[in-house]
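> Following this line is run13.cif, made up of mmCIF, C-alpha atoms:
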```cif
data_coords
#
loop_
_atom_site.group_PDB
_atom_site.id
_atom_site.type_symbol
_atom_site.label_atom_id
_atom_site.label_comp_id
_atom_site.auth_asym_id
_atom_site.auth_seq_id
_atom_site.Cartn_x
_atom_site.Cartn_y
_atom_site.Cartn_z
ATOM 1 C CA MET A 1 36.973 35.648 -90.374
ATOM 2 C CA PRO A 2 36.251 32.366 -88.552
ATOM 3 C CA ASN A 3 33.322 32.058 -86.163
ATOM 4 C CA LEU A 4 33.994 33.254 -82.661
ATOM 5 C CA PRO A 5 34.238 30.488 -80.061
ATOM 6 C CA LEU A 6 30.991 29.684 -78.281
ATOM 7 C CA ARG A 7 30.375 28.399 -74.776
ATOM 8 C CA SER A 8 26.766 27.725 -73.883
ATOM 9 C CA ARG A 9 25.504 27.482 -70.336
ATOM 10 C CA LEU A 10 22.026 26.213 -69.514
ATOM 11 C CA LYS A 11 21.281 26.849 -65.868
ATOM 12 C CA SER A 12 18.525 25.296 -63.817
ATOM 13 C CA ALA A 13 15.105 25.696 -65.321
ATOM 14 C CA TRP A 14 11.701 25.155 -63.835
ATOM 15 C CA VAL A 15 11.785 25.285 -60.055
ATOM 16 C CA LEU A 16 8.774 24.279 -58.037
ATOM 17 C CA THR A 17 8.592 22.047 -54.959
ATOM 18 C CA LEU A 18 5.360 20.220 -54.255
ATOM 19 C CA THR A 19 5.284 18.141 -51.077
ATOM 20 C CA LEU A 20 2.136 16.282 -50.140
ATOM 21 C CA ALA A 21 1.787 14.408 -46.854
ATOM 22 C CA ILE A 22 0.284 11.007 -46.138
ATOM 23 C CA SER A 23 -3.356 11.409 -45.174
ATOM 24 C CA LEU A 24 -4.479 10.636 -41.652
ATOM 25 C CA LEU A 25 -7.026 8.150 -42.931
ATOM 26 C CA GLY A 26 -4.409 6.225 -44.868
ATOM 27 C CA GLY A 27 -3.009 6.250 -48.359
ATOM 28 C CA CYS A 28 -0.063 8.099 -49.819
ATOM 29 C CA ALA A 29 -0.543 11.242 -51.832
ATOM 30 C CA GLU A 30 0.961 11.101 -55.300
ATOM 31 C CA GLN A 31 2.980 14.013 -56.642
ATOM 32 C CA GLN A 32 1.646 15.156 -60.015
ATOM 33 C CA ARG A 33 2.246 18.015 -62.400
ATOM 34 C CA SER A 34 -0.407 20.663 -62.677
ATOM 35 C CA SER A 35 -3.043 20.313 -65.380
ATOM 36 C CA GLY A 36 -5.500 22.991 -64.268
ATOM 37 C CA PRO A 37 -5.681 26.319 -66.126
ATOM 38 C CA PHE A 38 -3.933 29.083 -64.205
ATOM 39 C CA GLY A 39 -6.161 31.633 -62.509
ATOM 40 C CA THR A 40 -9.489 30.223 -63.682
ATOM 41 C CA GLY A 41 -10.693 30.041 -60.104
ATOM 42 C CA LEU A 42 -11.783 27.476 -57.534
ATOM 43 C CA PRO A 43 -15.278 27.170 -56.080
ATOM 44 C CA ARG A 44 -15.155 29.573 -53.138
ATOM 45 C CA VAL A 45 -16.612 28.465 -49.831
ATOM 46 C CA ALA A 46 -17.073 31.270 -47.305
ATOM 47 C CA ALA A 47 -16.130 30.493 -43.717
ATOM 48 C CA THR A 48 -18.878 30.618 -41.123
ATOM 49 C CA PRO A 49 -18.136 32.865 -38.120
ATOM 50 C CA GLN A 50 -17.574 29.794 -35.971
ATOM 51 C CA GLY A 51 -15.466 28.108 -38.653
ATOM 52 C CA HIS A 52 -13.342 31.212 -39.122
ATOM 53 C CA SER A 53 -12.689 31.324 -35.377
ATOM 54 C CA GLN A 54 -11.694 27.643 -35.349
ATOM 55 C CA GLU A 55 -9.375 28.120 -38.323
ATOM 56 C CA HIS A 56 -7.514 30.903 -36.560
ATOM 57 C CA ARG A 57 -7.418 28.939 -33.332
ATOM 58 C CA MET A 58 -5.645 26.135 -35.201
ATOM 59 C CA PHE A 59 -3.316 28.684 -36.815
ATOM 60 C CA GLU A 60 -2.328 30.032 -33.396
ATOM 61 C CA ARG A 61 -1.750 26.500 -32.120
ATOM 62 C CA LEU A 62 0.327 25.661 -35.193
ATOM 63 C CA ASN A 63 2.592 28.658 -34.620
ATOM 64 C CA ARG A 64 2.973 27.707 -30.963
ATOM 65 C CA ASP A 65 4.061 24.254 -32.097
ATOM 66 C CA ARG A 66 6.650 25.807 -34.416
ATOM 67 C CA ALA A 67 7.863 28.217 -31.734
ATOM 68 C CA ALA A 68 8.408 25.284 -29.370
ATOM 69 C CA HIS A 69 10.978 24.033 -31.869
ATOM 70 C CA GLY A 70 12.634 27.411 -32.390
ATOM 71 C CA LEU A 71 10.980 28.057 -35.759
ATOM 72 C CA PRO A 72 9.629 31.432 -36.914
ATOM 73 C CA ALA A 73 5.901 32.061 -37.003
ATOM 74 C CA LEU A 74 4.068 31.688 -40.298
ATOM 75 C CA GLN A 75 1.913 34.473 -41.700
ATOM 76 C CA TYR A 76 -1.764 33.771 -42.201
ATOM 77 C CA ASP A 77 -2.940 33.916 -45.803
ATOM 78 C CA GLU A 78 -6.669 34.025 -46.511
ATOM 79 C CA ARG A 79 -6.048 33.018 -50.136
ATOM 80 C CA LEU A 80 -4.514 29.754 -48.933
ATOM 81 C CA ALA A 81 -7.415 29.319 -46.499
ATOM 82 C CA ASP A 82 -9.832 29.619 -49.432
ATOM 83 C CA ILE A 83 -7.893 26.922 -51.312
ATOM 84 C CA GLY A 84 -7.964 24.698 -48.236
ATOM 85 C CA ARG A 85 -11.660 25.273 -47.558
ATOM 86 C CA SER A 86 -12.486 24.375 -51.160
ATOM 87 C CA GLN A 87 -10.629 21.062 -50.740
ATOM 88 C CA SER A 88 -12.237 20.324 -47.361
ATOM 89 C CA THR A 89 -15.705 20.966 -48.791
ATOM 90 C CA ASP A 90 -14.980 18.851 -51.863
ATOM 91 C CA MET A 91 -13.836 15.913 -49.713
ATOM 92 C CA ARG A 92 -16.769 16.153 -47.330
ATOM 93 C CA ASP A 93 -19.419 16.540 -50.015
ATOM 94 C CA HIS A 94 -18.027 13.832 -52.307
ATOM 95 C CA SER A 95 -16.979 11.334 -49.632
ATOM 96 C CA PHE A 96 -13.258 11.021 -50.326
ATOM 97 C CA PHE A 97 -10.193 11.825 -48.240
ATOM 98 C CA ASP A 98 -7.215 12.354 -50.497
ATOM 99 C CA HIS A 99 -4.835 15.034 -51.752
ATOM 100 C CA VAL A 100 -6.075 14.444 -55.298
ATOM 101 C CA SER A 101 -9.636 15.539 -56.039
ATOM 102 C CA PRO A 102 -11.464 13.773 -58.888
ATOM 103 C CA THR A 103 -12.674 17.169 -60.134
ATOM 104 C CA MET A 104 -10.125 19.746 -58.887
ATOM 105 C CA GLY A 105 -6.898 17.770 -59.231
ATOM 106 C CA ASN A 106 -3.908 17.782 -56.901
ATOM 107 C CA LEU A 107 -2.612 20.606 -54.740
ATOM 108 C CA GLU A 108 -0.556 22.182 -57.483
ATOM 109 C CA SER A 109 -3.519 22.157 -59.841
ATOM 110 C CA ARG A 110 -5.743 23.782 -57.217
ATOM 111 C CA VAL A 111 -3.142 26.413 -56.354
ATOM 112 C CA ASP A 112 -2.757 27.194 -60.050
ATOM 113 C CA ARG A 113 -6.513 27.447 -60.566
ATOM 114 C CA ALA A 114 -6.612 29.930 -57.693
ATOM 115 C CA GLY A 115 -3.932 31.997 -59.445
ATOM 116 C CA TYR A 116 -1.580 31.725 -56.468
ATOM 117 C CA ARG A 117 2.089 31.978 -57.478
ATOM 118 C CA ASN A 118 4.478 30.168 -55.185
ATOM 119 C CA LEU A 119 7.913 28.680 -54.791
ATOM 120 C CA VAL A 120 6.727 25.894 -52.469
ATOM 121 C CA ALA A 121 3.313 24.397 -51.708
ATOM 122 C CA ARG A 122 2.530 21.804 -49.040
ATOM 123 C CA GLU A 123 -0.709 20.360 -47.742
ATOM 124 C CA ASN A 124 -1.977 18.512 -44.660
ATOM 125 C CA LEU A 125 -5.395 16.874 -44.374
ATOM 126 C CA ALA A 126 -7.140 16.037 -41.122
ATOM 127 C CA GLU A 127 -10.490 14.977 -39.760
ATOM 128 C CA GLY A 128 -11.327 15.198 -36.088
ATOM 129 C CA PRO A 129 -13.833 16.328 -33.469
ATOM 130 C CA ASP A 130 -11.982 19.614 -32.844
ATOM 131 C CA VAL A 131 -8.882 21.506 -33.996
ATOM 132 C CA GLU A 132 -6.758 20.547 -30.975
ATOM 133 C CA THR A 133 -7.293 16.834 -31.538
ATOM 134 C CA ALA A 134 -6.673 17.241 -35.273
ATOM 135 C CA GLU A 135 -3.408 19.128 -34.687
ATOM 136 C CA ASP A 136 -2.256 16.500 -32.182
ATOM 137 C CA SER A 137 -2.864 13.817 -34.813
ATOM 138 C CA LEU A 138 -0.973 15.760 -37.466
ATOM 139 C CA LEU A 139 2.028 16.196 -35.173
ATOM 140 C CA ALA A 140 2.021 12.463 -34.450
ATOM 141 C CA SER A 141 2.404 11.701 -38.173
ATOM 142 C CA PRO A 142 6.010 12.127 -39.440
ATOM 143 C CA HIS A 143 5.010 13.447 -42.858
ATOM 144 C CA HIS A 144 2.498 15.939 -41.492
ATOM 145 C CA TYR A 145 4.932 16.968 -38.779
ATOM 146 C CA GLU A 146 7.544 17.651 -41.483
ATOM 147 C CA ASN A 147 5.131 19.978 -43.289
ATOM 148 C CA ILE A 148 4.244 21.887 -40.119
ATOM 149 C CA MET A 149 7.916 22.299 -39.168
ATOM 150 C CA SER A 150 9.207 23.060 -42.658
ATOM 151 C CA THR A 151 11.682 25.909 -43.040
ATOM 152 C CA ASP A 152 10.959 26.560 -46.728
ATOM 153 C CA ILE A 153 7.466 27.969 -46.082
ATOM 154 C CA THR A 154 6.402 31.422 -44.887
ATOM 155 C CA HIS A 155 2.593 31.415 -45.092
ATOM 156 C CA VAL A 156 -0.290 29.152 -44.177
ATOM 157 C CA GLY A 157 -4.043 29.101 -44.596
ATOM 158 C CA ILE A 158 -6.446 26.697 -42.902
ATOM 159 C CA GLY A 159 -9.724 25.659 -44.493
ATOM 160 C CA LEU A 160 -12.182 24.040 -42.114
ATOM 161 C CA VAL A 161 -15.726 22.852 -42.670
ATOM 162 C CA LYS A 162 -18.207 21.154 -40.384
ATOM 163 C CA GLY A 163 -18.900 17.520 -41.178
ATOM 164 C CA GLY A 164 -16.397 14.727 -41.635
ATOM 165 C CA VAL A 165 -15.852 12.184 -44.373
ATOM 166 C CA LYS A 166 -16.128 9.286 -41.932
ATOM 167 C CA ASP A 167 -18.198 10.902 -39.199
ATOM 168 C CA PRO A 168 -20.625 13.800 -39.805
ATOM 169 C CA ARG A 169 -19.918 15.054 -36.283
ATOM 170 C CA ASN A 170 -16.270 15.726 -37.141
ATOM 171 C CA LEU A 171 -14.495 18.644 -38.779
ATOM 172 C CA THR A 172 -12.737 18.276 -42.121
ATOM 173 C CA ILE A 173 -9.571 20.373 -42.207
ATOM 174 C CA THR A 174 -7.035 21.255 -44.893
ATOM 175 C CA GLN A 175 -3.828 23.099 -44.007
ATOM 176 C CA VAL A 176 -2.144 24.721 -47.016
ATOM 177 C CA PHE A 177 1.441 25.927 -46.595
ATOM 178 C CA ALA A 178 3.314 28.017 -49.140
ATOM 179 C CA HIS A 179 6.159 30.350 -49.895
ATOM 180 C CA PRO A 180 4.537 32.922 -52.209
ATOM 181 C CA THR A 181 6.588 34.536 -54.936
ATOM 182 C CA LYS A 182 7.467 38.172 -55.203
ATOM 183 C CA ASN A 183 5.006 40.342 -57.076
ATOM 184 C CA GLU A 184 7.430 41.695 -59.644
ATOM 185 C CA SER A 185 7.337 42.855 -63.243
ATOM 186 C CA PRO A 186 9.956 41.729 -65.788
ATOM 187 C CA GLU A 187 11.554 45.159 -65.383
ATOM 188 C CA SER A 188 11.880 44.848 -61.611
ATOM 189 C CA ALA A 189 13.069 41.245 -61.957
ATOM 190 C CA LYS A 190 15.751 42.381 -64.407
ATOM 191 C CA ALA A 191 16.942 45.029 -61.949
ATOM 192 C CA ALA A 192 17.089 42.406 -59.185
ATOM 193 C CA VAL A 193 19.063 40.024 -61.404
ATOM 194 C CA GLU A 194 21.546 42.730 -62.374
ATOM 195 C CA ALA A 195 22.008 43.602 -58.700
ATOM 196 C CA ALA A 196 22.608 39.921 -57.917
ATOM 197 C CA ILE A 197 25.264 39.739 -60.624
ATOM 198 C CA GLN A 198 27.177 42.680 -59.198
ATOM 199 C CA LYS A 199 26.821 41.391 -55.633
ATOM 200 C CA SER A 200 28.178 37.977 -56.648
ATOM 201 C CA ARG A 201 31.168 39.546 -58.387
ATOM 202 C CA GLN A 202 31.824 41.846 -55.448
ATOM 203 C CA ALA A 203 31.829 38.830 -53.118
ATOM 204 C CA LYS A 204 34.688 37.414 -55.210
ATOM 205 C CA ASP A 205 36.560 40.744 -55.257
ATOM 206 C CA LEU A 206 35.927 41.074 -58.983
ATOM 207 C CA PRO A 207 35.355 44.359 -60.797
ATOM 208 C CA ALA A 208 31.785 45.282 -61.644
ATOM 209 C CA ALA A 209 30.435 43.800 -64.876
ATOM 210 C CA THR A 210 29.180 46.263 -67.476
ATOM 211 C CA VAL A 211 26.152 46.044 -69.724
ATOM 212 C CA ASN A 212 27.064 46.126 -73.410
ATOM 213 C CA SER A 213 24.309 47.652 -75.537
ATOM 214 C CA ARG A 214 24.796 45.245 -78.458
ATOM 215 C CA LEU A 215 24.899 42.150 -76.262
ATOM 216 C CA ASN A 216 21.814 43.508 -74.521
ATOM 217 C CA ALA A 217 20.029 43.937 -77.852
ATOM 218 C CA TYR A 218 20.974 40.379 -78.876
ATOM 219 C CA ALA A 219 19.597 39.000 -75.595
ATOM 220 C CA GLU A 220 16.295 40.830 -76.036
ATOM 221 C CA GLU A 221 15.985 39.813 -79.696
ATOM 222 C CA TYR A 222 16.636 36.112 -79.145
ATOM 223 C CA LEU A 223 14.523 35.767 -76.007
ATOM 224 C CA LYS A 224 11.324 37.015 -77.665
ATOM 225 C CA PRO A 225 10.610 33.944 -79.863
ATOM 226 C CA SER A 226 10.659 31.662 -76.816
ATOM 227 C CA MET A 227 8.077 33.564 -74.784
ATOM 228 C CA ASN A 228 5.102 31.393 -75.758
ATOM 229 C CA ASP A 229 6.173 28.464 -73.577
ATOM 230 C CA ALA A 230 7.824 27.678 -70.266
ATOM 231 C CA ASP A 231 10.745 25.785 -71.786
ATOM 232 C CA ASP A 232 14.382 26.789 -71.420
ATOM 233 C CA PRO A 233 15.731 29.046 -74.168
ATOM 234 C CA ASP A 234 17.748 27.050 -76.709
ATOM 235 C CA VAL A 235 21.046 28.575 -75.654
ATOM 236 C CA LYS A 236 23.148 26.497 -78.036
ATOM 237 C CA ALA A 237 21.258 27.626 -81.134
ATOM 238 C CA ILE A 238 21.111 31.197 -79.843
ATOM 239 C CA GLY A 239 24.833 31.187 -79.155
ATOM 240 C CA VAL A 240 25.644 29.962 -82.654
ATOM 241 C CA ALA A 241 23.434 32.635 -84.220
ATOM 242 C CA ILE A 242 24.983 35.445 -82.159
ATOM 243 C CA SER A 243 28.514 34.157 -82.812
ATOM 244 C CA LYS A 244 27.924 34.342 -86.565
ATOM 245 C CA ARG A 245 26.785 37.940 -86.245
ATOM 246 C CA LEU A 246 29.743 38.861 -84.067
ATOM 247 C CA ALA A 247 32.100 37.285 -86.603
ATOM 248 C CA LYS A 248 30.897 39.881 -89.110
ATOM 249 C CA GLU A 249 30.633 42.782 -86.669
ATOM 250 C CA PRO A 250 33.013 42.230 -83.736
ATOM 251 C CA ILE A 251 32.718 44.006 -80.385
ATOM 252 C CA ARG A 252 35.941 45.488 -79.042
ATOM 253 C CA GLY A 253 37.274 43.389 -76.176
ATOM 254 C CA VAL A 254 34.952 40.442 -76.880
ATOM 255 C CA GLN A 255 36.620 37.337 -78.295
ATOM 256 C CA GLY A 256 33.893 34.852 -77.502
ATOM 257 C CA ILE A 257 30.524 34.540 -75.816
ATOM 258 C CA SER A 258 28.788 32.424 -73.218
ATOM 259 C CA VAL A 259 24.998 32.186 -73.385
ATOM 260 C CA GLY A 260 22.904 31.171 -70.395
ATOM 261 C CA GLY A 261 19.159 30.760 -70.007
ATOM 262 C CA GLN A 262 17.013 30.325 -66.935
ATOM 263 C CA VAL A 263 13.319 29.835 -66.247
ATOM 264 C CA MET A 264 12.283 30.980 -62.774
ATOM 265 C CA VAL A 265 9.237 31.654 -60.680
ATOM 266 C CA ASP A 266 10.776 34.866 -59.370
ATOM 267 C CA SER A 267 14.150 36.617 -59.332
ATOM 268 C CA SER A 268 15.131 35.174 -55.947
ATOM 269 C CA GLN A 269 15.945 31.939 -57.775
ATOM 270 C CA PHE A 270 18.503 33.515 -60.094
ATOM 271 C CA GLN A 271 22.050 32.170 -59.979
ATOM 272 C CA PRO A 272 24.807 33.883 -62.002
ATOM 273 C CA THR A 273 26.337 31.736 -64.708
ATOM 274 C CA SER A 274 29.963 30.720 -64.217
ATOM 275 C CA ALA A 275 31.012 32.978 -67.103
ATOM 276 C CA LEU A 276 29.832 36.002 -65.118
ATOM 277 C CA LEU A 277 32.067 35.107 -62.191
ATOM 278 C CA LYS A 278 35.375 34.659 -64.036
ATOM 279 C CA PRO A 279 38.274 36.997 -63.159
ATOM 280 C CA GLY A 280 38.773 40.113 -65.227
ATOM 281 C CA PRO A 281 36.329 42.581 -66.787
ATOM 282 C CA ARG A 282 33.033 41.259 -68.059
ATOM 283 C CA GLN A 283 30.569 42.712 -70.552
ATOM 284 C CA TYR A 284 27.130 41.211 -70.772
ATOM 285 C CA GLY A 285 23.618 41.649 -72.080
ATOM 286 C CA ILE A 286 20.462 40.474 -70.365
ATOM 287 C CA ALA A 287 16.793 40.137 -71.251
ATOM 288 C CA VAL A 288 13.946 39.210 -68.915
ATOM 289 C CA GLY A 289 10.385 38.471 -69.961
ATOM 290 C CA GLU A 290 7.261 36.907 -68.525
ATOM 291 C CA ALA A 291 6.062 33.826 -70.365
ATOM 292 C CA LYS A 292 2.363 33.013 -70.076
ATOM 293 C CA PRO A 293 1.893 29.552 -71.602
ATOM 294 C CA ALA A 294 -1.733 28.646 -72.239
ATOM 295 C CA GLY A 295 -3.228 26.919 -69.225
ATOM 296 C CA LYS A 296 -0.049 27.134 -67.150
ATOM 297 C CA ARG A 297 1.339 29.456 -64.507
ATOM 298 C CA PRO A 298 3.379 32.435 -65.731
ATOM 299 C CA VAL A 299 7.154 32.198 -65.348
ATOM 300 C CA LEU A 300 10.106 34.523 -65.816
ATOM 301 C CA LYS A 301 12.515 33.662 -68.602
ATOM 302 C CA ILE A 302 16.032 35.093 -68.633
ATOM 303 C CA LEU A 303 18.657 35.120 -71.348
ATOM 304 C CA ILE A 304 22.185 36.315 -70.601
ATOM 305 C CA VAL A 305 24.891 36.824 -73.214
ATOM 306 C CA VAL A 306 28.351 37.253 -71.660
ATOM 307 C CA GLY A 307 31.295 38.556 -73.626
ATOM 308 C CA LEU A 308 34.558 36.693 -73.038
#
```
In structure tokens, how does this file's structure come out?


Amino acid sequence: MPNLPLRSRLKSAWVLTLTLAISLLGGCAEQQRSSGPFGTGLPRVAATPQGHSQEHRMFERLNRDRAAHGLPALQYDERLADIGRSQSTDMRDHSFFDHVSPTMGNLESRVDRAGYRNLVARENLAEGPDVETAEDSLLASPHHYENIMSTDITHVGIGLVKGGVKDPRNLTITQVFAHPTKNESPESAKAAVEAAIQKSRQAKDLPAATVNSRLNAYAEEYLKPSMNDADDPDVKAIGVAISKRLAKEPIRGVQGISVGGQVMVDSSQFQPTSALLKPGPRQYGIAVGEAKPAGKRPVLKILIVVGL
């Protein structure tokens, strides 16, 4: 019996947006990939009572600025404030004003070291005599204004320390914006993905897709060897291997397969492959696992085998 036809689909892989603004003291922040080990920790700087009050005063002002433009309020996140305060202290103590620290790296590296999982991370830096003046300056800068008014963020933390880089009487301030990921296990992510598949088919007035136990077993088997890295599953090679096995042991109603792989931060980023949205009945198998590459942030890896 000849090999069954194969159609491979490789959907979007790594998804992470890192936007860094131009600093108030000049110079453009460079976007870089993370090199810091995930979750190894940042030096923690506790806020003084006065500093904590000033941080929250700036947070309230920031949300008023967003509300004035019809934008929803951000939630305050003390974990982001810790990340920001670490950067503010580093800049003040080592006399630099930049998004990239000589010792702690760029924003993504610092967020990773703090073990903070996110879909989006943004950062504003400011130095000024008080939080009102600093916020006014940030709003006057197009790039900082864009970060404050962004619609892809949900949380913010503000790290403030006394003492400026240029003037010791000033405050050094780091605003860290983020959209944190869901806290989900591979099992809960798989359930969310399966629900998304059915919802997408229902939106197209298609019958519900059904999980085929053999296709499911193939997906789980062929995903496992790729769990040591954050790369996309090799869907072409996987598809060829499964096709050869199906040629020997066919599945009733399956005349071909489509294999799709995705690497995601959380299940909200899942998009059904085109094969799952074709008219007519669909059988499929799906496997979801959490990859934890050495020194890098964990990601979800998904492999879907669709019977055609």

> Write out as a list of chain:residue names each polymer residue whose atoms come within 6 Å of segment 219-225 of chain A, counting all atoms listed in the file; drop sequence neighbours fewer than 5 positions from it.

A:Gly285, A:Ile286, A:Ala287, A:Leu303

> Decode the PyMOL selection byres ((chain A and resi 297) around 6) for the given file into explicit residues and return them as a VMD selection string.

chain A and resid 38 296 298

> Can you pull out the residues contacting Leu138 of chain A? Cut-off 9 Å, using only C-alpha atoms, and skip same-chain residues under 5 positions away; I want them as a PyMOL selection string.

chain A and resi 24+124-126+133+143-145+148

> Could you write those residues out with C-alpha atoms, as a PDB file, keeping the file's coordinate frame?


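Output contents, as saved in out06.pdb:
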```pdb
ATOM      1  CA  LEU A  24      -4.479  10.636 -41.652  1.00  0.00           C
ATOM      2  CA  ASN A 124      -1.977  18.512 -44.660  1.00  0.00           C
ATOM      3  CA  LEU A 125      -5.395  16.874 -44.374  1.00  0.00           C
ATOM      4  CA  ALA A 126      -7.140  16.037 -41.122  1.00  0.00           C
ATOM      5  CA  THR A 133      -7.293  16.834 -31.538  1.00  0.00           C
ATOM      6  CA  HIS A 143       5.010  13.447 -42.858  1.00  0.00           C
ATOM      7  CA  HIS A 144       2.498  15.939 -41.492  1.00  0.00           C
ATOM      8  CA  TYR A 145       4.932  16.968 -38.779  1.00  0.00           C
ATOM      9  CA  ILE A 148       4.244  21.887 -40.119  1.00  0.00           C
TER      10      ILE A 148
END
```

> Considering only C-alpha atoms, state which residue in the set A:Thr40, A:Ser274, A:Thr103, A:Thr48 is at the smallest distance from Ser200 of chain A.

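Among the listed residues, A:Ser274 lies closest to Ser200 of chain A.
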
> Where does segment 114-180 of chain A meet segment 79-96 of chain A within 9 Å, residue by residue, with the nearest atom pair and distance in Å to one decimal for each, counting all atoms listed in the file, listed by chain and rising number, as a Markdown table?


```
| residue | atom | partner | partner_atom | distance |
| --- | --- | --- | --- | --- |
| A:Ala114 | CA | A:Ile83 | CA | 7.2 |
| A:Tyr116 | CA | A:Arg79 | CA | 7.9 |
| A:Glu123 | CA | A:Gly84 | CA | 8.5 |
| A:Leu125 | CA | A:Ser88 | CA | 8.2 |
| A:His155 | CA | A:Leu80 | CA | 8.2 |
| A:Val156 | CA | A:Leu80 | CA | 6.4 |
| A:Gly157 | CA | A:Ala81 | CA | 3.9 |
| A:Ile158 | CA | A:Ala81 | CA | 4.6 |
| A:Gly159 | CA | A:Arg85 | CA | 3.6 |
| A:Leu160 | CA | A:Arg85 | CA | 5.6 |
| A:Val161 | CA | A:Ser88 | CA | 6.4 |
| A:Lys162 | CA | A:Arg92 | CA | 8.7 |
| A:Gly163 | CA | A:Arg92 | CA | 6.7 |
| A:Gly164 | CA | A:Arg92 | CA | 5.9 |
| A:Val165 | CA | A:Arg92 | CA | 5.0 |
| A:Lys166 | CA | A:Ser95 | CA | 8.0 |
| A:Pro168 | CA | A:Arg92 | CA | 8.8 |
| A:Thr172 | CA | A:Ser88 | CA | 5.6 |
| A:Ile173 | CA | A:Ser88 | CA | 5.8 |
| A:Thr174 | CA | A:Gly84 | CA | 4.9 |
| A:Gln175 | CA | A:Gly84 | CA | 6.1 |
| A:Val176 | CA | A:Leu80 | CA | 5.9 |
| A:Phe177 | CA | A:Leu80 | CA | 7.5 |
| A:Ala178 | CA | A:Leu80 | CA | 8.0 |
```

> Of the candidates A:Pro49, A:Pro207, A:Gly105, A:Pro180, which shows the shortest atom-to-atom distance to Leu119 of chain A, using all atoms listed in the file?

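Once distances to Leu119 of chain A are computed over all atoms listed in the file, the minimum belongs to A:Pro180.
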
> Given the block above, output segment 133-151 of chain A with C-alpha atoms as a short mmCIF file (atom, residue, chain, number, x, y, z; two decimals), in the first residue's frame.


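Okay, result-v7.cif is ready:
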```cif
data_model
loop_
_atom_site.label_atom_id
_atom_site.label_comp_id
_atom_site.auth_asym_id
_atom_site.auth_seq_id
_atom_site.Cartn_x
_atom_site.Cartn_y
_atom_site.Cartn_z
CA THR A 133 7.10 65.98 37.03
CA ALA A 134 8.44 62.60 35.92
CA GLU A 135 5.03 61.49 34.61
CA ASP A 136 4.60 64.79 32.76
CA SER A 137 7.96 64.21 31.06
CA LEU A 138 7.05 60.65 30.11
CA LEU A 139 3.77 61.78 28.55
CA ALA A 140 5.64 64.42 26.55
CA SER A 141 7.82 61.72 24.95
CA PRO A 142 6.05 59.84 22.10
CA HIS A 143 7.66 56.49 22.87
CA HIS A 144 6.96 56.67 26.59
CA TYR A 145 3.45 57.92 25.91
CA GLU A 146 2.88 54.89 23.65
CA ASN A 147 3.89 52.54 26.48
CA ILE A 148 1.61 54.24 29.01
CA MET A 149 -1.35 54.18 26.60
CA SER A 150 -0.75 50.68 25.24
CA THR A 151 -3.75 48.39 24.88
#
```
